[in-house]
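K.L.:
Structure provided below as C-alpha cells; questions to follow.
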Amino acid sequence: MQAARTDETAFRTWVRQVNIPLPIGVIAAEEAKTRAAWGVKSLPWLILTDRDHVVVAEGLSIDEVDDKITK
C-alpha cells in the first residue's frame, strides 16, 4: 500500500518493473487521516504476512524480519 502522496505514473511504472506478487493500492485521499486511522506511526510501515496473506507482524524494523520469519 502506498500511503504517502506520490506521482501515480511513476508509482505504477515501479510496480510493473519490480513485479510484486501481491495486490498494490494507493490511498486516494486524506492520506494523513487514513494513516492515523490505521495506526501507522511512520513510513515506511513494514507489515509481514504469512503465505495466506494474514498479517503476522507489523511495525517491525528491518532487523526484526529474519527473527519473525523463522517463528
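Residues are named by chain letter and number: chains run A, B, ... in the order of the C-alpha cells, numbers start at 1 in each chain, and ligands are numbered from 1 in the order shown.
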Out of chain A, which residues get alpha helix (DSSP H) from DSSP, as a PyMOL selection string?
P.N.:
chain A and resi 8-18+31-38+65-70
K.L.:
I'd like the contact shell of Ile47 in chain A - 12 Å cut-off, only C-alpha atoms, skipping same-chain residues fewer than 2 positions apart - returned as an MDAnalysis selection string.
P.N.:
chainID A and resid 1 40 43:45 49:50 53:62 64:65 68:69
K.L.:
Just to confirm, what's the straight-line distance from CA of Ala4 in chain A to CA of Pro21 in chain A in Å (one decimal)?
P.N.:
20.9 Å
K.L.:
List every residue of chain A that DSSP, applied to the backbone of this structure, places in strand (DSSP E or B), and write the result as JSON, numbers by chain.
P.N.:
{"A": [2, 26, 47, 48, 49, 55, 56, 57, 58]}
K.L.:
Here is a test: counting only C-alpha atoms, which residue of A:Asp52, A:Gln2, A:Ala36, A:Asp67 is nearest to Ile24 in chain A?
P.N.:
A:Gln2
K.L.:
Can you pull out every residue within 10 Å of Phe11 in chain A, counting only C-alpha atoms, but drop anything in the same chain fewer than 5 positions away, and send it as a list in words?
P.N.:
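Listed by chain and then number, they are Gln2, Thr6, Arg16, Gln17 and Val26 of chain A.
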